[in-house]
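What follows is a short report on a single structure.
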Amino acid sequence: MAALEDLPRPGKAPTITAEARAWLVSLACDKAKDHGYPHEIWTTRLLARHARDHCRAAGHGSLSRLAQGTLCKILDRQAIKAHKIRYYLERRDPDFEEKMAEVLCVYREVALLREAGGDKPEIAILSCDEKPGMQALGTTAPDLAPVPGKHQGFARDHEYVRHGTLSLLAGIDLVSGKVHALVADRHRSREFIALLERIDAAYPCSTAIKLILDNHSAHISKETKAWLAEQPEGRFEFVFTPKHGSWLNLIEGFFSKMARSLLRHMRVASKQELKDRIMAYLDDINRDPVVHKWTYQLDAQKAA
């Protein structure tokens, strides 16, 4: 049976030279707009056409009949996907590492307070932020309930009515898990100060309150600084996350869970109903508070 098998053969010699492949890859690493096209980046069809049109002038005539599929194979070998964009975040804070370390040291302080049983009324640590633009959307037709054996879930008309938006301003006590919050039409300095007043009223006068915040303008405005100046010395301390480092703020995870579990499919008849249901949700959380914990360690962040 071995005699019926083909002998090893070299196959057809490649018609596209190594130099032509390198030129093609270099083209893929440019933007389409840099070559006079209205497109921002290449599509594989556009890149293949450009290569066919300009290959002879570049001295790579072997690409004159380049097919789109062949182009994709060449780029795949170099792990190039010229038709895609992957986003990243540039660090624009020169003190990013120092500020991050300061925030993580606060989380370590929270862990020590928990280990001590949380029985230290002289200090409270909260994670604070705003969640703006929560839409009050209403239905244009009644929702249809699931029907066993026929419709697995609720059915809803695609159209909706906009009643406006609301902003949630909240702070989570990182030791007890209690949420202090208010819902307002906007999230200016006056609304932030109103939140601070609620937090101030929730703790004994002798308690030092430490807040982890991002760099929102309301947190550093003249109005906010003037209000803080009127408070007893040592009552409030702000710890700011680095610029573009709001992911270090634990409350972001709370907002994310709230968006998925509460706001995602909510339909209301008015902004007031949206406000009432959000506050009812927060009241339900405060009946059995969940303690939010930071899991990434300071030493690991330094190593990264």
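Ordering of the structure tokens sets the chain letters (A, B, ...); residue numbers start at 1 within each chain; ligands are numbered from 1 in the order shown.
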Fewer than 5 positions away in the same chain doesn't count, so skip those; otherwise give me all residues within 9 Å of Arg188 (chain A), counting only C-alpha atoms, as a compact mmCIF listing (two decimals) with C-alpha atoms, in the first residue's frame.
```txt
# COMPACT_ATOMS: atom_id res chain seq x y z
CA ILE A 193 -22.53 69.23 49.71
CA SER A 217 -15.20 69.24 39.64
CA ALA A 218 -17.87 69.19 42.38
```
Would you please give, as a PyMOL selection string, all residues of region 80-197 of chain A that DSSP assigns to helix (DSSP H, G or I) based on the backbone? chain A and resi 96-115+189-197
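Using only C-alpha atoms, the smallest distance between any of A:Ile16, A:Leu27, A:Ala22, A:Leu169 and Ser64 (chain A) comes from A:Ile16.
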Env of Arg52 (chain A): 7 Å cut, atoms = only C-alpha atoms, seq-sep filter 4 positions within chain, self excluded. Answer as a count of residues only. 5
Check which residues of region 57-159 of chain A sit at most 9 Å from region 236-239 of chain A using only C-alpha atoms, and return one row each with the closest pair of atoms and their distance in Å to one decimal, ordered by chain and rising number, as a Markdown table.
```
| residue | atom | partner | partner_atom | distance |
| --- | --- | --- | --- | --- |
| A:Lys99 | CA | A:Val239 | CA | 8.5 |
| A:Glu102 | CA | A:Val239 | CA | 7.6 |
| A:Val103 | CA | A:Val239 | CA | 6.8 |
| A:Val106 | CA | A:Val239 | CA | 8.5 |
```
Taking 4 positions as the minimum chain separation for residues in the same chain, which residues sit within 12 Å of region 81-87 of chain A when counting only C-alpha atoms? Answer as a VMD selection string. chain A and resid 24 to 32 39 to 48 71 to 77
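Among the candidate residues A:Ile285, A:Val291, A:Leu262, A:Ala13, the one lying nearest to Ala111 (chain A) is A:Val291, with distances computed using only C-alpha atoms.
Across region 235-275 of chain A, DSSP run on the backbone finds strand (DSSP E) at Phe236, Glu237, Phe238, Val239 and Phe240 of chain A.
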Print the selection's residues with N, CA and C atoms to a file, as a PDB file, in the first residue's frame.
```
ATOM      1  N   PHE A 236     -13.455  66.010  58.175  1.00  0.00           N
ATOM      2  CA  PHE A 236     -13.455  65.390  56.843  1.00  0.00           C
ATOM      3  C   PHE A 236     -12.036  65.369  56.273  1.00  0.00           C
ATOM      4  N   GLU A 237     -11.726  64.264  55.649  1.00  0.00           N
ATOM      5  CA  GLU A 237     -10.469  64.135  54.902  1.00  0.00           C
ATOM      6  C   GLU A 237     -10.776  63.491  53.552  1.00  0.00           C
ATOM      7  N   PHE A 238     -10.323  64.121  52.479  1.00  0.00           N
ATOM      8  CA  PHE A 238     -10.547  63.595  51.137  1.00  0.00           C
ATOM      9  C   PHE A 238      -9.275  62.899  50.639  1.00  0.00           C
ATOM     10  N   VAL A 239      -9.452  61.693  50.115  1.00  0.00           N
ATOM     11  CA  VAL A 239      -8.367  60.964  49.456  1.00  0.00           C
ATOM     12  C   VAL A 239      -8.778  60.782  47.999  1.00  0.00           C
ATOM     13  N   PHE A 240      -8.045  61.394  47.076  1.00  0.00           N
ATOM     14  CA  PHE A 240      -8.440  61.397  45.671  1.00  0.00           C
ATOM     15  C   PHE A 240      -7.747  60.273  44.905  1.00  0.00           C
TER      16      PHE A 240
END
```
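Distances from A:Asp143, A:Glu97, A:Glu191, A:Glu109 to Thr241 (chain A) were compared using only C-alpha atoms, and the smallest one belongs to A:Glu97.
Taking CA of Lys275 (chain A) and CA of Asp214 (chain A) as endpoints, the distance between them is 24.1 Å.
The coordinates place CA of His180 (chain A) at 7.7 Å from CA of Leu195 (chain A).
Residue nearest Gly177 (chain A), chosen from A:Gly133, A:Pro232, A:Pro142, A:Pro289 and counting only C-alpha atoms: A:Pro289.
Restricting the calculation to only C-alpha atoms, the smallest distance between Ala67 (chain A) and any of A:Thr139, A:Ile209, A:Ala51, A:Ala79 is found for A:Ala51.
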